[in-house]
>>> print(open('start13.pdb').read())   # PDB, C-alpha atoms
MODEL        1
ATOM      1  CA  MET G 963     105.739  82.369 127.452  1.00  0.00           C
ATOM      2  CA  ALA G 964     103.731  83.198 124.357  1.00  0.00           C
ATOM      3  CA  LYS G 965     104.937  85.592 121.696  1.00  0.00           C
ATOM      4  CA  ILE G 966     102.315  88.340 121.518  1.00  0.00           C
ATOM      5  CA  LEU G 967     101.643  89.913 118.133  1.00  0.00           C
ATOM      6  CA  THR G 968      99.248  92.773 117.548  1.00  0.00           C
ATOM      7  CA  VAL G 969      97.789  92.946 114.039  1.00  0.00           C
ATOM      8  CA  ALA G 970      97.328  96.665 113.550  1.00  0.00           C
ATOM      9  CA  ASN G 971      96.901  99.412 111.023  1.00  0.00           C
ATOM     10  CA  GLN G 972      95.239 102.762 111.616  1.00  0.00           C
ATOM     11  CA  LYS G 973      93.909 102.567 108.079  1.00  0.00           C
ATOM     12  CA  GLY G 974      90.808 100.408 107.602  1.00  0.00           C
ATOM     13  CA  GLY G 975      90.107  97.948 104.820  1.00  0.00           C
ATOM     14  CA  VAL G 976      93.608  96.511 104.589  1.00  0.00           C
ATOM     15  CA  GLY G 977      92.848  92.925 105.630  1.00  0.00           C
ATOM     16  CA  LYS G 978      93.671  93.328 109.318  1.00  0.00           C
ATOM     17  CA  THR G 979      90.999  91.033 110.756  1.00  0.00           C
ATOM     18  CA  THR G 980      91.324  88.620 107.828  1.00  0.00           C
ATOM     19  CA  THR G 981      95.028  88.356 108.626  1.00  0.00           C
ATOM     20  CA  ALA G 982      94.516  87.903 112.363  1.00  0.00           C
ATOM     21  CA  VAL G 983      91.981  85.112 111.853  1.00  0.00           C
ATOM     22  CA  ASN G 984      93.747  83.233 109.090  1.00  0.00           C
ATOM     23  CA  LEU G 985      97.250  83.561 110.490  1.00  0.00           C
ATOM     24  CA  ALA G 986      95.981  82.313 113.851  1.00  0.00           C
ATOM     25  CA  ALA G 987      94.269  79.329 112.205  1.00  0.00           C
ATOM     26  CA  SER G 988      97.320  78.575 110.050  1.00  0.00           C
ATOM     27  CA  LEU G 989      99.626  78.625 113.078  1.00  0.00           C
ATOM     28  CA  ALA G 990      97.200  76.341 114.922  1.00  0.00           C
ATOM     29  CA  TYR G 991      97.343  73.968 111.934  1.00  0.00           C
ATOM     30  CA  GLU G 992     101.111  73.840 112.452  1.00  0.00           C
ATOM     31  CA  ASP G 993     100.508  72.507 115.980  1.00  0.00           C
ATOM     32  CA  GLN G 994     101.056  75.846 117.700  1.00  0.00           C
ATOM     33  CA  ARG G 995      98.960  76.681 120.756  1.00  0.00           C
ATOM     34  CA  ILE G 996      97.070  79.828 119.790  1.00  0.00           C
ATOM     35  CA  LEU G 997      94.982  82.459 121.548  1.00  0.00           C
ATOM     36  CA  LEU G 998      93.193  84.925 119.268  1.00  0.00           C
ATOM     37  CA  VAL G 999      92.257  88.104 121.143  1.00  0.00           C
ATOM     38  CA  ASP G1000      89.499  90.279 119.687  1.00  0.00           C
ATOM     39  CA  ILE G1001      89.387  93.849 121.014  1.00  0.00           C
ATOM     40  CA  ASP G1002      87.528  95.356 118.071  1.00  0.00           C
ATOM     41  CA  PRO G1003      83.905  96.289 118.947  1.00  0.00           C
ATOM     42  CA  GLN G1004      82.846  95.000 115.526  1.00  0.00           C
ATOM     43  CA  GLY G1005      83.667  91.470 116.736  1.00  0.00           C
ATOM     44  CA  ASN G1006      84.561  90.298 113.245  1.00  0.00           C
ATOM     45  CA  ALA G1007      87.481  88.147 114.367  1.00  0.00           C
ATOM     46  CA  THR G1008      85.151  86.466 116.854  1.00  0.00           C
ATOM     47  CA  MET G1009      82.614  85.650 114.149  1.00  0.00           C
ATOM     48  CA  GLY G1010      85.403  84.654 111.770  1.00  0.00           C
ATOM     49  CA  VAL G1011      86.324  81.670 113.933  1.00  0.00           C
ATOM     50  CA  GLY G1012      82.733  80.533 114.378  1.00  0.00           C
ATOM     51  CA  VAL G1013      81.829  82.166 117.704  1.00  0.00           C
ATOM     52  CA  ASP G1014      78.476  83.971 117.800  1.00  0.00           C
ATOM     53  CA  LYS G1015      79.171  87.455 119.168  1.00  0.00           C
ATOM     54  CA  TYR G1016      75.462  88.031 119.833  1.00  0.00           C
ATOM     55  CA  THR G1017      75.200  85.336 122.521  1.00  0.00           C
ATOM     56  CA  LEU G1018      78.310  86.147 124.542  1.00  0.00           C
ATOM     57  CA  GLN G1019      78.063  86.659 128.298  1.00  0.00           C
ATOM     58  CA  LYS G1020      81.752  87.380 128.976  1.00  0.00           C
ATOM     59  CA  THR G1021      84.043  89.128 126.526  1.00  0.00           C
ATOM     60  CA  SER G1022      87.258  91.122 126.323  1.00  0.00           C
ATOM     61  CA  CYS G1023      85.176  94.077 127.509  1.00  0.00           C
ATOM     62  CA  GLU G1024      84.592  92.534 130.939  1.00  0.00           C
ATOM     63  CA  VAL G1025      88.239  91.442 131.112  1.00  0.00           C
ATOM     64  CA  LEU G1026      89.542  94.942 130.373  1.00  0.00           C
ATOM     65  CA  LEU G1027      87.223  96.510 132.933  1.00  0.00           C
ATOM     66  CA  GLY G1028      88.153  93.945 135.585  1.00  0.00           C
ATOM     67  CA  GLN G1029      84.618  92.557 135.747  1.00  0.00           C
ATOM     68  CA  CYS G1030      85.674  88.956 135.055  1.00  0.00           C
ATOM     69  CA  ASP G1031      88.793  86.808 134.980  1.00  0.00           C
ATOM     70  CA  ILE G1032      90.311  86.215 131.551  1.00  0.00           C
ATOM     71  CA  ASN G1033      90.110  82.447 132.101  1.00  0.00           C
ATOM     72  CA  ASP G1034      86.323  82.719 132.364  1.00  0.00           C
ATOM     73  CA  ALA G1035      86.020  84.649 129.097  1.00  0.00           C
ATOM     74  CA  ILE G1036      88.289  82.539 126.856  1.00  0.00           C
ATOM     75  CA  MET G1037      86.367  80.175 124.576  1.00  0.00           C
ATOM     76  CA  ARG G1038      87.364  77.303 122.313  1.00  0.00           C
ATOM     77  CA  SER G1039      86.857  77.608 118.558  1.00  0.00           C
ATOM     78  CA  GLU G1040      86.546  74.108 117.174  1.00  0.00           C
ATOM     79  CA  ALA G1041      86.251  75.565 113.687  1.00  0.00           C
ATOM     80  CA  ALA G1042      89.742  77.075 113.892  1.00  0.00           C
ATOM     81  CA  LYS G1043      91.285  74.707 116.474  1.00  0.00           C
ATOM     82  CA  LEU G1044      92.312  77.572 118.738  1.00  0.00           C
ATOM     83  CA  ASP G1045      91.219  79.565 121.774  1.00  0.00           C
ATOM     84  CA  VAL G1046      89.614  82.971 121.429  1.00  0.00           C
ATOM     85  CA  LEU G1047      88.982  85.880 123.767  1.00  0.00           C
ATOM     86  CA  PRO G1048      85.858  87.163 122.012  1.00  0.00           C
ATOM     87  CA  ALA G1049      84.420  90.634 121.547  1.00  0.00           C
ATOM     88  CA  ASN G1050      81.206  92.375 120.591  1.00  0.00           C
ATOM     89  CA  SER G1051      79.767  95.890 120.574  1.00  0.00           C
ATOM     90  CA  ASP G1052      80.001  96.113 124.378  1.00  0.00           C
ATOM     91  CA  LEU G1053      83.631  97.121 123.830  1.00  0.00           C
ATOM     92  CA  THR G1054      82.466 100.539 122.672  1.00  0.00           C
ATOM     93  CA  ALA G1055      81.531 101.307 126.268  1.00  0.00           C
ATOM     94  CA  ALA G1056      84.740  99.774 127.567  1.00  0.00           C
ATOM     95  CA  GLU G1057      86.871 102.497 126.037  1.00  0.00           C
ATOM     96  CA  VAL G1058      85.026 105.113 128.089  1.00  0.00           C
ATOM     97  CA  GLY G1059      85.147 102.941 131.188  1.00  0.00           C
ATOM     98  CA  LEU G1060      88.898 102.452 130.889  1.00  0.00           C
ATOM     99  CA  MET G1061      89.580 106.167 131.184  1.00  0.00           C
ATOM    100  CA  GLY G1062      88.760 106.168 134.877  1.00  0.00           C
ATOM    101  CA  LEU G1063      90.816 103.086 135.789  1.00  0.00           C
ATOM    102  CA  ASP G1064      94.365 102.776 137.084  1.00  0.00           C
ATOM    103  CA  ASP G1065      96.933 101.470 134.563  1.00  0.00           C
ATOM    104  CA  LYS G1066      94.311 101.901 131.882  1.00  0.00           C
ATOM    105  CA  GLU G1067      96.779 101.214 129.056  1.00  0.00           C
ATOM    106  CA  ARG G1068      98.067  98.009 130.711  1.00  0.00           C
ATOM    107  CA  ARG G1069      94.782  96.242 131.404  1.00  0.00           C
ATOM    108  CA  LEU G1070      95.132  93.812 128.503  1.00  0.00           C
ATOM    109  CA  SER G1071      98.813  93.194 129.178  1.00  0.00           C
ATOM    110  CA  ASN G1072      98.111  92.340 132.800  1.00  0.00           C
ATOM    111  CA  ALA G1073      95.313  89.953 131.812  1.00  0.00           C
ATOM    112  CA  LEU G1074      97.391  88.159 129.166  1.00  0.00           C
ATOM    113  CA  GLN G1075     100.211  87.579 131.627  1.00  0.00           C
ATOM    114  CA  GLN G1076      97.874  85.219 133.482  1.00  0.00           C
ATOM    115  CA  VAL G1077      97.560  82.864 130.498  1.00  0.00           C
ATOM    116  CA  SER G1078     100.702  83.495 128.461  1.00  0.00           C
ATOM    117  CA  ASP G1079     102.415  80.263 129.507  1.00  0.00           C
ATOM    118  CA  ARG G1080      99.592  78.207 127.949  1.00  0.00           C
ATOM    119  CA  TYR G1081     100.216  79.428 124.402  1.00  0.00           C
ATOM    120  CA  ASP G1082     102.928  79.655 121.779  1.00  0.00           C
ATOM    121  CA  TYR G1083     101.406  82.718 120.090  1.00  0.00           C
ATOM    122  CA  ILE G1084      98.801  85.280 121.104  1.00  0.00           C
ATOM    123  CA  LEU G1085      97.419  87.337 118.211  1.00  0.00           C
ATOM    124  CA  ILE G1086      95.473  90.513 118.929  1.00  0.00           C
ATOM    125  CA  ASP G1087      93.009  92.017 116.456  1.00  0.00           C
ATOM    126  CA  CYS G1088      92.328  95.659 117.269  1.00  0.00           C
ATOM    127  CA  PRO G1089      90.209  98.484 115.816  1.00  0.00           C
ATOM    128  CA  PRO G1090      91.376 100.427 112.738  1.00  0.00           C
ATOM    129  CA  SER G1091      92.075 103.518 114.816  1.00  0.00           C
ATOM    130  CA  LEU G1092      94.384 104.671 117.573  1.00  0.00           C
ATOM    131  CA  ASN G1093      92.252 104.615 120.688  1.00  0.00           C
ATOM    132  CA  MET G1094      92.515 103.198 124.194  1.00  0.00           C
ATOM    133  CA  LEU G1095      91.747  99.689 122.934  1.00  0.00           C
ATOM    134  CA  THR G1096      94.518  99.806 120.346  1.00  0.00           C
ATOM    135  CA  LEU G1097      96.876 101.316 122.910  1.00  0.00           C
ATOM    136  CA  ASN G1098      96.192  98.352 125.195  1.00  0.00           C
ATOM    137  CA  ALA G1099      97.019  95.984 122.346  1.00  0.00           C
ATOM    138  CA  LEU G1100     100.301  97.760 121.559  1.00  0.00           C
ATOM    139  CA  VAL G1101     101.378  97.910 125.207  1.00  0.00           C
ATOM    140  CA  ALA G1102     100.703  94.170 125.551  1.00  0.00           C
ATOM    141  CA  ALA G1103     102.573  93.136 122.389  1.00  0.00           C
ATOM    142  CA  ASP G1104     106.094  92.007 121.620  1.00  0.00           C
ATOM    143  CA  GLY G1105     105.663  93.020 117.998  1.00  0.00           C
ATOM    144  CA  VAL G1106     103.279  94.597 115.512  1.00  0.00           C
ATOM    145  CA  LEU G1107     102.304  92.822 112.309  1.00  0.00           C
ATOM    146  CA  VAL G1108     101.169  95.479 109.847  1.00  0.00           C
ATOM    147  CA  PRO G1109      98.901  94.458 106.938  1.00  0.00           C
ATOM    148  CA  LEU G1110      99.249  96.860 104.015  1.00  0.00           C
ATOM    149  CA  GLN G1111      97.229  97.016 100.850  1.00  0.00           C
ATOM    150  CA  THR G1112      99.657  97.748  98.042  1.00  0.00           C
ATOM    151  CA  GLU G1113      98.305 101.149  97.088  1.00  0.00           C
ATOM    152  CA  TYR G1114      99.542 104.729  97.414  1.00  0.00           C
ATOM    153  CA  TYR G1115      97.732 105.697 100.629  1.00  0.00           C
ATOM    154  CA  ALA G1116      99.071 102.620 102.405  1.00  0.00           C
ATOM    155  CA  LEU G1117     102.486 104.271 102.683  1.00  0.00           C
ATOM    156  CA  GLU G1118     100.976 107.388 104.213  1.00  0.00           C
ATOM    157  CA  GLY G1119      99.190 105.365 106.896  1.00  0.00           C
ATOM    158  CA  LEU G1120     102.313 103.342 107.594  1.00  0.00           C
ATOM    159  CA  SER G1121     104.329 106.430 108.514  1.00  0.00           C
ATOM    160  CA  SER G1122     101.723 107.408 111.088  1.00  0.00           C
ATOM    161  CA  LEU G1123     101.664 103.919 112.609  1.00  0.00           C
ATOM    162  CA  ILE G1124     105.445 103.747 112.892  1.00  0.00           C
ATOM    163  CA  GLU G1125     105.446 107.101 114.718  1.00  0.00           C
ATOM    164  CA  THR G1126     102.891 105.672 117.156  1.00  0.00           C
ATOM    165  CA  ILE G1127     105.002 102.562 117.717  1.00  0.00           C
ATOM    166  CA  GLU G1128     108.071 104.719 118.419  1.00  0.00           C
ATOM    167  CA  GLN G1129     106.134 106.749 120.980  1.00  0.00           C
ATOM    168  CA  ILE G1130     104.962 103.620 122.784  1.00  0.00           C
ATOM    169  CA  ARG G1131     108.448 102.105 122.684  1.00  0.00           C
ATOM    170  CA  SER G1132     109.858 105.216 124.349  1.00  0.00           C
ATOM    171  CA  GLY G1133     107.146 105.005 127.003  1.00  0.00           C
ATOM    172  CA  PRO G1134     105.021 102.129 128.308  1.00  0.00           C
ATOM    173  CA  ASN G1135     106.433  99.271 126.183  1.00  0.00           C
ATOM    174  CA  PRO G1136     110.173  99.436 125.386  1.00  0.00           C
ATOM    175  CA  ARG G1137     110.188  95.943 123.821  1.00  0.00           C
ATOM    176  CA  LEU G1138     107.650  96.828 121.110  1.00  0.00           C
ATOM    177  CA  LYS G1139     108.889  96.572 117.528  1.00  0.00           C
ATOM    178  CA  VAL G1140     107.591  96.251 114.008  1.00  0.00           C
ATOM    179  CA  GLU G1141     107.441  92.487 113.618  1.00  0.00           C
ATOM    180  CA  GLY G1142     106.762  92.597 109.902  1.00  0.00           C
ATOM    181  CA  LEU G1143     104.939  94.282 107.049  1.00  0.00           C
ATOM    182  CA  LEU G1144     102.472  92.110 105.151  1.00  0.00           C
ATOM    183  CA  ARG G1145     101.388  92.997 101.631  1.00  0.00           C
ATOM    184  CA  THR G1146      97.678  92.166 101.287  1.00  0.00           C
ATOM    185  CA  MET G1147      95.037  92.188  98.544  1.00  0.00           C
ATOM    186  CA  HIS G1148      97.850  92.260  96.018  1.00  0.00           C
ATOM    187  CA  ASP G1149      97.138  92.106  92.300  1.00  0.00           C
ATOM    188  CA  SER G1150     100.350  91.387  90.407  1.00  0.00           C
ATOM    189  CA  ARG G1151      98.739  92.708  87.209  1.00  0.00           C
ATOM    190  CA  ASN G1152      98.352  96.142  88.771  1.00  0.00           C
ATOM    191  CA  ARG G1153     101.333  98.389  88.044  1.00  0.00           C
ATOM    192  CA  LEU G1154     100.761 100.649  91.058  1.00  0.00           C
ATOM    193  CA  GLY G1155     100.603  97.642  93.363  1.00  0.00           C
ATOM    194  CA  SER G1156     103.932  96.402  92.061  1.00  0.00           C
ATOM    195  CA  GLU G1157     105.481  99.856  92.471  1.00  0.00           C
ATOM    196  CA  VAL G1158     104.276 100.205  96.074  1.00  0.00           C
ATOM    197  CA  SER G1159     105.495  96.684  96.814  1.00  0.00           C
ATOM    198  CA  ALA G1160     108.939  97.574  95.449  1.00  0.00           C
ATOM    199  CA  GLN G1161     109.041 100.777  97.550  1.00  0.00           C
ATOM    200  CA  LEU G1162     108.247  98.817 100.707  1.00  0.00           C
ATOM    201  CA  LEU G1163     111.089  96.400  99.991  1.00  0.00           C
ATOM    202  CA  THR G1164     113.466  99.259  99.279  1.00  0.00           C
ATOM    203  CA  HIS G1165     112.685 101.173 102.467  1.00  0.00           C
ATOM    204  CA  PHE G1166     112.017  98.340 104.919  1.00  0.00           C
ATOM    205  CA  GLY G1167     113.999  95.392 103.544  1.00  0.00           C
ATOM    206  CA  ASP G1168     113.769  92.280 105.712  1.00  0.00           C
ATOM    207  CA  GLN G1169     110.910  93.768 107.724  1.00  0.00           C
ATOM    208  CA  VAL G1170     108.661  93.011 104.736  1.00  0.00           C
ATOM    209  CA  TYR G1171     107.422  89.428 104.724  1.00  0.00           C
ATOM    210  CA  ARG G1172     108.264  87.511 101.584  1.00  0.00           C
ATOM    211  CA  THR G1173     104.744  86.126 101.619  1.00  0.00           C
ATOM    212  CA  VAL G1174     102.223  88.216  99.677  1.00  0.00           C
ATOM    213  CA  ILE G1175      98.470  87.772 100.190  1.00  0.00           C
ATOM    214  CA  PRO G1176      96.700  87.897  96.805  1.00  0.00           C
ATOM    215  CA  ARG G1177      93.264  89.175  95.978  1.00  0.00           C
ATOM    216  CA  ASN G1178      91.096  86.087  96.196  1.00  0.00           C
ATOM    217  CA  VAL G1179      87.314  85.676  96.281  1.00  0.00           C
ATOM    218  CA  ARG G1180      87.570  82.878  98.869  1.00  0.00           C
ATOM    219  CA  VAL G1181      89.161  85.325 101.314  1.00  0.00           C
ATOM    220  CA  ALA G1182      86.017  87.458 101.155  1.00  0.00           C
ATOM    221  CA  GLU G1183      83.619  84.504 101.341  1.00  0.00           C
ATOM    222  CA  ALA G1184      85.048  82.633 104.329  1.00  0.00           C
ATOM    223  CA  PRO G1185      83.976  85.044 107.137  1.00  0.00           C
ATOM    224  CA  SER G1186      80.290  84.742 106.190  1.00  0.00           C
ATOM    225  CA  HIS G1187      80.575  81.018 106.960  1.00  0.00           C
ATOM    226  CA  GLY G1188      82.332  81.573 110.291  1.00  0.00           C
ATOM    227  CA  LEU G1189      85.371  79.681 109.049  1.00  0.00           C
ATOM    228  CA  PRO G1190      89.048  80.445 108.472  1.00  0.00           C
ATOM    229  CA  LEU G1191      90.230  79.845 104.917  1.00  0.00           C
ATOM    230  CA  LEU G1192      91.923  76.570 105.799  1.00  0.00           C
ATOM    231  CA  GLN G1193      88.563  75.127 106.836  1.00  0.00           C
ATOM    232  CA  TYR G1194      86.517  76.871 104.151  1.00  0.00           C
ATOM    233  CA  ASP G1195      88.696  76.082 101.127  1.00  0.00           C
ATOM    234  CA  GLN G1196      92.159  74.827 102.008  1.00  0.00           C
ATOM    235  CA  PHE G1197      93.135  74.636  98.337  1.00  0.00           C
ATOM    236  CA  SER G1198      92.425  78.306  97.608  1.00  0.00           C
ATOM    237  CA  ARG G1199      95.227  80.755  96.854  1.00  0.00           C
ATOM    238  CA  GLY G1200      94.353  82.726  99.972  1.00  0.00           C
ATOM    239  CA  ALA G1201      94.620  79.699 102.255  1.00  0.00           C
ATOM    240  CA  ALA G1202      97.951  78.755 100.682  1.00  0.00           C
ATOM    241  CA  ALA G1203      99.279  82.289 101.191  1.00  0.00           C
ATOM    242  CA  TYR G1204      98.380  82.414 104.888  1.00  0.00           C
ATOM    243  CA  SER G1205      99.900  78.953 105.384  1.00  0.00           C
ATOM    244  CA  CYS G1206     103.089  80.293 103.813  1.00  0.00           C
ATOM    245  CA  LEU G1207     102.987  83.296 106.132  1.00  0.00           C
ATOM    246  CA  ALA G1208     102.623  81.055 109.181  1.00  0.00           C
ATOM    247  CA  ASN G1209     105.625  79.008 108.097  1.00  0.00           C
ATOM    248  CA  GLU G1210     107.647  82.149 107.382  1.00  0.00           C
ATOM    249  CA  ILE G1211     106.955  83.413 110.909  1.00  0.00           C
ATOM    250  CA  LEU G1212     107.863  80.046 112.409  1.00  0.00           C
ATOM    251  CA  ARG G1213     111.129  80.004 110.477  1.00  0.00           C
ATOM    252  CA  ARG G1214     111.949  83.552 111.628  1.00  0.00           C
ATOM    253  CA  ASP G1215     111.319  82.483 115.215  1.00  0.00           C
ATOM    254  CA  GLY G1216     113.477  79.379 114.852  1.00  0.00           C
ATOM    255  CA  LYS G1217     110.562  76.973 115.147  1.00  0.00           C
ATOM    256  CA  ILE G1218     109.765  74.020 112.945  1.00  0.00           C
ATOM    257  CA  GLY G1219     107.122  75.094 110.453  1.00  0.00           C
ATOM    258  CA  MET G1220     106.056  71.686 109.269  1.00  0.00           C
ATOM    259  CA  ARG G1221     103.260  69.561 110.593  1.00  0.00           C
TER     260      ARG G1221
ENDMDL
END
>>> encode(input="start13.pdb", output="C-alpha cells")
Amino acid sequence: MAKILTVANQKGGVGKTTTAVNLAASLAYEDQRILLVDIDPQGNATMGVGVDKYTLQKTSCEVLLGQCDINDAIMRSEAAKLDVLPANSDLTAAEVGLMGLDDKERRLSNALQQVSDRYDYILIDCPPSLNMLTLNALVAADGVLVPLQTEYYALEGLSSLIETIEQIRSGPNPRLKVEGLLRTMHDSRNRLGSEVSAQLLTHFGDQVYRTVIPRNVRVAEAPSHGLPLLQYDQFSRGAAAYSCLANEILRRDGKIGMR
C-alpha cells in the first residue's frame, strides 16, 4: 500500500505546490511509483507536471463528487514520469457539493484506497486554507509534510496547522502525524532566516528535515514550462535540493534512495 503524504500549510506562498511537484518527480526519478493528487482549484500542480488543466474532462472534482471513478481520471505525466489526478477551477464548486454528501470528509480517502496498491507514494497538493478539500486531504493521509518559509510569520502559521492536525487525529484520522517540516526559500545570508531555522530545530528536532530548499531562480521558472526542476534544469541548486529531500525521505522509510 502506498504511503500517503499531504503537502499542506494554511499559509500561502511557502512553496507548497513547488514541493509537491518536485518531490513527486524526484521520488519518481528514484524508481518509486508515484501518484500526484491535485485538489487545489488553482490546478498549479497539474500544470507543473505538464498537464493542461484547461482541457480536462475528468478531474479530482468529479472523483470527490462520485461522478467518475478515480481510475478514469488519473493521467500519465511523461514530463515527470508519474501519474497525476489533475485539478482545475471546477473544484471550487466541489467544496459546496461535498457538503450535502455522506462521509464528505472521507471522499478522497475512499477513492485513493482503490489505487493505493499501485503506488509507493501518493502526494496530495491542497489549497492554502483549511476547507473541505484540505480536510479530505488530511483525512486521507498518513502524514503531513509542512513547507515553511524561514520567516517570523511561518512559526505563527505552523502552530495553527499543528492544532488542526491534532483535532483530526483525535477524530476522523487517528494515524495522522506531522511527517516532517521542510524549510523552503531559505537564504543563508539572511539573519532572520537563520534564526527561524534554528528555532524550528530547537522546538521540533528530528521532525525538521535536514534538507533545506534554497531560494533559486530556476525554482520559479520551471512551472511556466510545465516541467519539474529535474527536467527543466537538473543541475540547478533547487533540483539538487529536492533530490536530497527525496533521498532523505527514502532513508527515513527504510528504502534504498539510490537509482
>>> resolve_selection(input="start13.pdb", expression="the PyMOL selection byres ((chain G and resi 969) around 9)", output="MDAnalysis selection string")
chainID G and resid 967:968 970:971 978:979 981:982 1085:1088 1099 1105:1109
>>> residues_around(input="start13.pdb", residues="region 1029-1045 of chain G", least_positions_apart="5", cutoff="6 Å", atoms="only C-alpha atoms", output="ChimeraX atom specification")
/G:987,996-997,1011,1020-1021,1024
>>> closest_residue(input="start13.pdb", among="G:Arg1131, G:Arg1213, G:Arg1069, G:His1148", to="Pro1176 (chain G)", atoms="all atoms listed in the file")
G:His1148
>>> atom_distance(input="start13.pdb", atom1="CA of Gly1216 (chain G)", atom2="CA of Ser1198 (chain G)")
27.2 Å
>>> closest_residue(input="start13.pdb", among="G:Gln1076, G:Ser1091, G:Thr1008, G:Ser1132", to="Ala986 (chain G)", atoms="only C-alpha atoms")
G:Thr1008
>>> residues_around(input="start13.pdb", residues="Pro1136 (chain G)", least_positions_apart="4", cutoff="10 Å", atoms="only C-alpha atoms", output="list in words")
Val1101, Asp1104, Ile1127, Glu1128, Gln1129, Ile1130, Arg1131 and Ser1132 of chain G
>>> atom_distance(input="start13.pdb", atom1="CA of Leu1026 (chain G)", atom2="CA of Leu1144 (chain G)")
28.5 Å
>>> atom_distance(input="start13.pdb", atom1="CA of Pro1089 (chain G)", atom2="CA of Gln972 (chain G)")
7.8 Å
>>> resolve_selection(input="start13.pdb", expression="the PyMOL selection byres ((chain G and resi 1054) around 10)", output="list in words")
Ile1001, Asp1002, Pro1003, Gln1004, Cys1023, Asn1050, Ser1051, Asp1052, Leu1053, Ala1055, Ala1056, Glu1057, Val1058, Gly1059 and Leu1095 of chain G
>>> write_last_selection(input="start13.pdb", atoms="C-alpha atoms", output="PDB file, in the coordinates of the input")
ATOM      1  CA  ILE G1001      89.387  93.849 121.014  1.00  0.00           C
ATOM      2  CA  ASP G1002      87.528  95.356 118.071  1.00  0.00           C
ATOM      3  CA  PRO G1003      83.905  96.289 118.947  1.00  0.00           C
ATOM      4  CA  GLN G1004      82.846  95.000 115.526  1.00  0.00           C
ATOM      5  CA  CYS G1023      85.176  94.077 127.509  1.00  0.00           C
ATOM      6  CA  ASN G1050      81.206  92.375 120.591  1.00  0.00           C
ATOM      7  CA  SER G1051      79.767  95.890 120.574  1.00  0.00           C
ATOM      8  CA  ASP G1052      80.001  96.113 124.378  1.00  0.00           C
ATOM      9  CA  LEU G1053      83.631  97.121 123.830  1.00  0.00           C
ATOM     10  CA  ALA G1055      81.531 101.307 126.268  1.00  0.00           C
ATOM     11  CA  ALA G1056      84.740  99.774 127.567  1.00  0.00           C
ATOM     12  CA  GLU G1057      86.871 102.497 126.037  1.00  0.00           C
ATOM     13  CA  VAL G1058      85.026 105.113 128.089  1.00  0.00           C
ATOM     14  CA  GLY G1059      85.147 102.941 131.188  1.00  0.00           C
ATOM     15  CA  LEU G1095      91.747  99.689 122.934  1.00  0.00           C
TER      16      LEU G1095
END
>>> residues_around(input="start13.pdb", residues="Gln1111 (chain G)", least_positions_apart="5", cutoff="9 Å", atoms="only C-alpha atoms", output="VMD selection string")
chain G and resid 975 to 977 1116 1144 to 1148 1155
>>> closest_residue(input="start13.pdb", among="G:Asn1209, G:Ser1022, G:Gln994, G:Thr980", to="Ile1084 (chain G)", atoms="all atoms listed in the file")
G:Gln994
>>> resolve_selection(input="start13.pdb", expression="the PyMOL selection byres ((chain G and resi 1180-1185) around 7)", output="ChimeraX atom specification")
/G:1010,1178-1179,1186-1191,1194,1198,1200
